[in-house]
>>> print(open('model-v5.cif').read())   # mmCIF, C-alpha atoms
data_entry
#
loop_
_atom_site.label_atom_id
_atom_site.label_comp_id
_atom_site.auth_asym_id
_atom_site.auth_seq_id
_atom_site.Cartn_x
_atom_site.Cartn_y
_atom_site.Cartn_z
CA MET C 28 -43.69 -79.13 37.79
CA SER C 29 -42.80 -78.39 34.22
CA PHE C 30 -39.52 -77.05 33.01
CA LEU C 31 -39.73 -73.86 30.98
CA LEU C 32 -36.78 -72.27 29.26
CA GLN C 33 -36.04 -68.86 30.55
CA PRO C 34 -34.45 -66.25 28.27
CA TRP C 35 -31.20 -66.35 30.22
CA HIS C 36 -30.99 -70.13 29.61
CA ILE C 37 -30.95 -69.53 25.87
CA LEU C 38 -28.42 -66.72 26.23
CA LEU C 39 -26.13 -68.92 28.35
CA ALA C 40 -26.33 -71.82 25.86
CA ALA C 41 -25.47 -69.46 22.95
CA LEU C 42 -22.49 -68.05 24.90
CA CYS C 43 -21.20 -71.55 25.72
CA GLY C 44 -21.50 -72.51 22.06
CA LEU C 45 -19.46 -69.47 21.00
CA VAL C 46 -16.74 -70.22 23.57
CA ASN C 47 -16.62 -73.86 22.49
CA GLU C 48 -16.38 -72.87 18.81
CA ARG C 49 -13.53 -70.46 19.61
CA GLN C 50 -11.66 -73.17 21.52
CA GLN C 51 -12.08 -75.59 18.61
CA GLN C 52 -10.64 -72.99 16.23
CA ILE C 53 -7.60 -72.54 18.49
CA ILE C 54 -7.10 -76.31 18.73
CA GLU C 55 -7.31 -76.67 14.95
CA PHE C 56 -4.77 -73.87 14.52
CA GLN C 57 -2.40 -75.56 17.00
CA ASN C 58 -2.78 -78.90 15.17
CA ALA C 59 -1.97 -77.20 11.86
CA GLN C 60 1.15 -75.66 13.40
CA ILE C 61 2.27 -79.04 14.74
CA GLU C 62 1.73 -80.70 11.36
CA ALA C 63 3.75 -77.97 9.63
CA LEU C 64 6.60 -78.47 12.13
CA LEU C 65 6.52 -82.23 11.63
CA ARG C 66 6.74 -81.82 7.84
CA LYS C 67 9.66 -79.43 8.24
CA LEU C 68 11.50 -81.73 10.64
CA GLU C 69 10.88 -84.83 8.49
CA LYS C 70 12.90 -87.59 10.20
CA LYS C 71 15.11 -85.35 12.35
CA ARG C 72 14.91 -85.77 16.09
CA LEU C 73 13.69 -82.90 18.18
CA LEU C 74 15.73 -82.64 21.38
CA LEU C 75 14.07 -81.22 24.46
CA ASN C 76 15.60 -80.21 27.76
CA ASP C 77 14.37 -81.65 31.06
CA ASP C 78 11.99 -78.78 31.82
CA GLN C 79 10.28 -79.09 28.43
CA ARG C 80 9.93 -82.87 28.82
CA ARG C 81 8.57 -82.41 32.32
CA LEU C 82 5.95 -79.92 31.10
CA LEU C 83 4.83 -82.20 28.27
CA ALA C 84 4.75 -85.21 30.60
CA VAL C 85 2.51 -83.52 33.15
CA LYS C 86 0.16 -82.10 30.50
CA GLY C 87 0.07 -85.41 28.60
CA GLN C 88 -0.75 -87.40 31.73
CA ALA C 89 -3.62 -85.02 32.49
CA ILE C 90 -5.06 -85.52 29.00
CA GLY C 91 -4.68 -89.29 28.96
CA ARG C 92 -3.56 -91.88 26.39
CA LYS C 93 -6.77 -91.92 24.33
CA ALA C 94 -6.85 -88.16 23.88
CA LEU C 95 -3.15 -88.14 22.98
CA LEU C 96 -3.77 -90.78 20.33
CA GLU C 97 -6.54 -88.65 18.80
CA ARG C 98 -4.40 -85.52 18.69
CA THR C 99 -1.52 -84.65 16.39
CA THR C 100 1.56 -84.69 18.60
CA ILE C 101 5.25 -84.27 17.88
CA PHE C 102 6.05 -87.16 20.19
CA THR C 103 4.21 -90.43 20.47
CA PRO C 104 1.83 -90.84 23.40
CA GLU C 105 4.00 -93.71 24.68
CA THR C 106 7.02 -91.37 24.84
CA ILE C 107 5.11 -88.65 26.67
CA LEU C 108 3.67 -91.10 29.19
CA ARG C 109 7.08 -92.75 29.65
CA TRP C 110 8.49 -89.32 30.53
CA HIS C 111 5.75 -89.01 33.14
CA ARG C 112 6.51 -92.46 34.61
CA GLU C 113 10.20 -91.57 34.84
CA LEU C 114 9.34 -88.25 36.46
CA VAL C 115 7.20 -89.98 39.10
CA ALA C 116 9.85 -92.66 39.67
CA LYS C 117 12.54 -90.01 40.07
CA THR C 118 10.39 -88.20 42.62
CA PHE C 119 10.12 -91.25 44.87
CA ASP C 120 13.48 -93.01 44.40
CA SER C 121 15.10 -91.21 47.39
CA SER C 122 18.51 -91.28 45.75
CA HIS C 123 19.23 -87.81 47.12
CA LYS C 124 19.21 -89.30 50.62
CA ARG C 125 21.90 -91.85 49.84
CA LYS C 126 25.38 -91.12 51.07
CA PRO C 127 28.56 -92.05 49.23
CA GLY C 128 29.58 -94.62 51.84
CA ARG C 129 31.16 -94.96 55.21
CA LEU C 130 32.75 -91.89 56.74
CA ARG C 131 36.51 -91.75 56.71
CA ILE C 132 38.53 -91.95 59.91
CA ARG C 133 39.83 -88.54 60.86
CA GLN C 134 43.50 -88.05 60.09
CA GLU C 135 44.30 -87.08 63.69
CA ILE C 136 42.98 -90.45 64.90
CA VAL C 137 45.07 -92.27 62.30
CA ASP C 138 48.13 -90.27 63.34
CA ALA C 139 47.48 -91.12 67.00
CA ILE C 140 47.13 -94.84 66.19
CA VAL C 141 50.40 -94.85 64.27
CA ARG C 142 52.18 -92.89 66.99
CA PHE C 143 50.96 -95.17 69.81
CA ALA C 144 51.80 -98.31 67.82
CA THR C 145 55.33 -97.18 66.94
CA GLU C 146 56.15 -95.75 70.39
CA ASN C 147 54.73 -98.78 72.22
CA PRO C 148 55.49 -101.87 70.16
CA MET C 149 54.18 -104.26 72.84
CA TRP C 150 50.72 -102.71 73.05
CA GLY C 151 47.88 -104.61 71.43
CA TYR C 152 44.93 -103.30 69.51
CA ASP C 153 42.73 -103.20 72.61
CA ARG C 154 45.25 -101.20 74.62
CA ILE C 155 45.77 -98.69 71.81
CA GLN C 156 42.01 -98.43 71.45
CA GLY C 157 41.62 -97.81 75.20
CA THR C 158 44.33 -95.14 75.11
CA LEU C 159 42.60 -93.46 72.19
CA LYS C 160 39.37 -93.50 74.16
CA ASN C 161 41.12 -91.90 77.16
CA VAL C 162 42.57 -89.20 74.91
CA GLY C 163 39.10 -88.47 73.53
CA TYR C 164 39.08 -90.38 70.24
CA PRO C 165 36.57 -93.23 70.59
CA SER C 166 37.18 -95.99 68.05
CA ALA C 167 36.98 -99.75 67.76
CA ASP C 168 39.89 -102.15 68.13
CA SER C 169 39.22 -103.37 64.59
CA THR C 170 39.83 -99.81 63.39
CA VAL C 171 43.19 -99.86 65.16
CA ALA C 172 43.99 -103.24 63.61
CA ASN C 173 43.09 -102.06 60.11
CA ARG C 174 45.18 -98.90 60.47
CA CYS C 175 48.16 -100.84 61.81
CA ALA C 176 47.91 -103.23 58.88
CA LEU C 177 47.75 -100.39 56.36
CA VAL C 178 50.81 -98.67 57.79
CA THR C 179 52.70 -102.00 58.10
CA ILE C 180 53.11 -101.87 61.84
CA SER C 181 51.39 -105.20 62.10
CA ASN C 182 54.27 -107.02 63.88
CA SER C 183 54.26 -104.65 66.83
CA CYS C 184 50.50 -104.91 67.32
CA GLU C 185 50.31 -108.57 66.36
CA VAL C 186 52.55 -109.86 69.15
CA SER C 187 50.54 -108.14 71.82
CA LEU C 188 47.27 -109.30 70.26
CA ARG C 189 48.37 -112.90 70.73
CA GLY C 190 49.08 -112.42 74.38
CA GLY C 191 51.20 -109.38 74.95
CA SER C 192 54.23 -111.27 76.19
CA ARG C 193 57.65 -111.76 74.60
CA ASP C 194 57.83 -115.16 76.28
CA LEU C 195 55.29 -116.83 74.03
CA PRO C 196 55.91 -120.51 73.29
CA PRO C 197 57.22 -121.21 69.77
CA HIS C 198 54.16 -123.18 68.70
CA VAL C 199 51.94 -120.11 69.37
CA LEU C 200 54.16 -117.87 67.24
CA THR C 201 53.77 -120.20 64.27
CA LEU C 202 49.96 -119.86 64.28
#
>>> encode(input="model-v5.cif", output="structure tokens")
Amino acid sequence: MSFLLQPWHILLAALCGLVNERQQQIIEFQNAQIEALLRKLEKKRLLLNDDQRRLLAVKGQAIGRKALLERTTIFTPETILRWHRELVAKTFDSSHKRKPGRLRIRQEIVDAIVRFATENPMWGYDRIQGTLKNVGYPSADSTVANRCALVTISNSCEVSLRGGSRDLPPHVLTL
């Protein structure tokens, strides 16, 4: 089985050669434009916005480091590839999922804690917490303790935390 060139093979090869030559002319024109811009800029920095950097990064990554080194570029291949690395890292860093911190305690719960602690000076943190739960505001006794400490009601809650009785022995009160 011998291979013979058909007329359409020759026509296709000639067409591919013309297309390739045209692309080379366009590339040479683009390189000349870039060189003219570089001469005009001299040592001035060219500032790009994020979208322009992103476009160059994606196109530069597709071309590769070797091809970027062979071409005349406004930015060094290392810079373009660094932009691509940062773009990929930003995509997968999941910082948009992070929250600013712990949620604040609703003001109505804080108001209820303060009210219960001032109206009932002998109640402890656990009892105030249980009352809040009965009213429909579930919270922890440590939350009640922290709120009492912030509002300086600590003596009313503190006595009942130690035992809830006014008849505590003196040595316990000194602890």
>>> residues_around(input="model-v5.cif", residues="Arg109 of chain C", least_positions_apart="3", cutoff="12 Å", atoms="only C-alpha atoms", output="PyMOL selection string")
chain C and resi 80-81+83-85+87-88+92+102-106+112-116
>>> resolve_selection(input="model-v5.cif", expression="the PyMOL selection byres ((chain C and resi 101) around 10)", output="compact mmCIF listing (two decimals) with C-alpha atoms, keeping the file's coordinate frame")
# COMPACT_ATOMS: atom_id res chain seq x y z
CA ILE C 61 2.27 -79.04 14.74
CA GLU C 62 1.73 -80.70 11.36
CA LEU C 64 6.60 -78.47 12.13
CA LEU C 65 6.52 -82.23 11.63
CA LEU C 68 11.50 -81.73 10.64
CA ARG C 72 14.91 -85.77 16.09
CA LEU C 73 13.69 -82.90 18.18
CA ARG C 98 -4.40 -85.52 18.69
CA THR C 99 -1.52 -84.65 16.39
CA THR C 100 1.56 -84.69 18.60
CA PHE C 102 6.05 -87.16 20.19
CA THR C 103 4.21 -90.43 20.47
CA PRO C 104 1.83 -90.84 23.40
CA ILE C 107 5.11 -88.65 26.67
>>> closest_atom_pairs(input="model-v5.cif", of="segment 81-136 of chain C", to="segment 160-180 of chain C", cutoff="12 Å", atoms="only C-alpha atoms", output="Markdown table")
| residue | atom | partner | partner_atom | distance |
| --- | --- | --- | --- | --- |
| C:Arg131 | CA | C:Thr170 | CA | 11.0 |
| C:Ile132 | CA | C:Thr170 | CA | 8.7 |
| C:Arg133 | CA | C:Tyr164 | CA | 9.6 |
| C:Gln134 | CA | C:Arg174 | CA | 11.0 |
| C:Glu135 | CA | C:Tyr164 | CA | 9.0 |
| C:Ile136 | CA | C:Tyr164 | CA | 6.6 |
>>> atom_distance(input="model-v5.cif", atom1="atom CA of Ala89 of chain C", atom2="atom CA of Asn76 of chain C")
20.4 Å
>>> atom_distance(input="model-v5.cif", atom1="atom CA of His36 of chain C", atom2="atom CA of Ile54 of chain C")
27.0 Å
>>> closest_residue(input="model-v5.cif", among="C:Ser121, C:Gln51, C:Asn58, C:Gln156", to="Ala144 of chain C", atoms="only C-alpha atoms")
C:Gln156
>>> closest_residue(input="model-v5.cif", among="C:Phe119, C:Phe56, C:Trp35, C:Phe143", to="Leu159 of chain C", atoms="all atoms listed in the file")
C:Phe143
>>> atom_distance(input="model-v5.cif", atom1="atom CA of Arg129 of chain C", atom2="atom CA of Arg154 of chain C")
24.8 Å
>>> build_atoms(input="model-v5.cif", residues="segment 117-128 of chain C", atoms="N, CA and C atoms", output="PDB file, keeping the file's coordinate frame")
ATOM      1  N   LYS C 117      11.430 -90.829  39.575  1.00  0.00           N
ATOM      2  CA  LYS C 117      12.540 -90.010  40.070  1.00  0.00           C
ATOM      3  C   LYS C 117      12.144 -89.263  41.340  1.00  0.00           C
ATOM      4  N   THR C 118      10.869 -88.915  41.435  1.00  0.00           N
ATOM      5  CA  THR C 118      10.390 -88.200  42.620  1.00  0.00           C
ATOM      6  C   THR C 118      10.475 -89.077  43.862  1.00  0.00           C
ATOM      7  N   PHE C 119      10.214 -90.376  43.710  1.00  0.00           N
ATOM      8  CA  PHE C 119      10.120 -91.250  44.870  1.00  0.00           C
ATOM      9  C   PHE C 119      11.286 -92.215  45.028  1.00  0.00           C
ATOM     10  N   ASP C 120      12.388 -92.032  44.300  1.00  0.00           N
ATOM     11  CA  ASP C 120      13.480 -93.010  44.400  1.00  0.00           C
ATOM     12  C   ASP C 120      14.419 -92.728  45.578  1.00  0.00           C
ATOM     13  N   SER C 121      14.324 -91.592  46.206  1.00  0.00           N
ATOM     14  CA  SER C 121      15.100 -91.210  47.390  1.00  0.00           C
ATOM     15  C   SER C 121      16.601 -91.353  47.202  1.00  0.00           C
ATOM     16  N   SER C 122      17.069 -91.181  45.988  1.00  0.00           N
ATOM     17  CA  SER C 122      18.510 -91.280  45.750  1.00  0.00           C
ATOM     18  C   SER C 122      19.250 -90.083  46.345  1.00  0.00           C
ATOM     19  N   HIS C 123      18.560 -88.975  46.533  1.00  0.00           N
ATOM     20  CA  HIS C 123      19.230 -87.810  47.120  1.00  0.00           C
ATOM     21  C   HIS C 123      19.552 -88.031  48.592  1.00  0.00           C
ATOM     22  N   LYS C 124      18.934 -89.026  49.214  1.00  0.00           N
ATOM     23  CA  LYS C 124      19.210 -89.300  50.620  1.00  0.00           C
ATOM     24  C   LYS C 124      20.402 -90.238  50.810  1.00  0.00           C
ATOM     25  N   ARG C 125      20.802 -90.898  49.727  1.00  0.00           N
ATOM     26  CA  ARG C 125      21.900 -91.850  49.840  1.00  0.00           C
ATOM     27  C   ARG C 125      23.215 -91.125  50.018  1.00  0.00           C
ATOM     28  N   LYS C 126      24.062 -91.692  50.833  1.00  0.00           N
ATOM     29  CA  LYS C 126      25.380 -91.120  51.070  1.00  0.00           C
ATOM     30  C   LYS C 126      26.411 -91.916  50.283  1.00  0.00           C
ATOM     31  N   PRO C 127      27.577 -91.346  50.042  1.00  0.00           N
ATOM     32  CA  PRO C 127      28.560 -92.050  49.230  1.00  0.00           C
ATOM     33  C   PRO C 127      29.183 -93.258  49.911  1.00  0.00           C
ATOM     34  N   GLY C 128      29.017 -93.456  51.165  1.00  0.00           N
ATOM     35  CA  GLY C 128      29.580 -94.620  51.840  1.00  0.00           C
ATOM     36  C   GLY C 128      29.928 -94.299  53.277  1.00  0.00           C
TER      37      GLY C 128
END
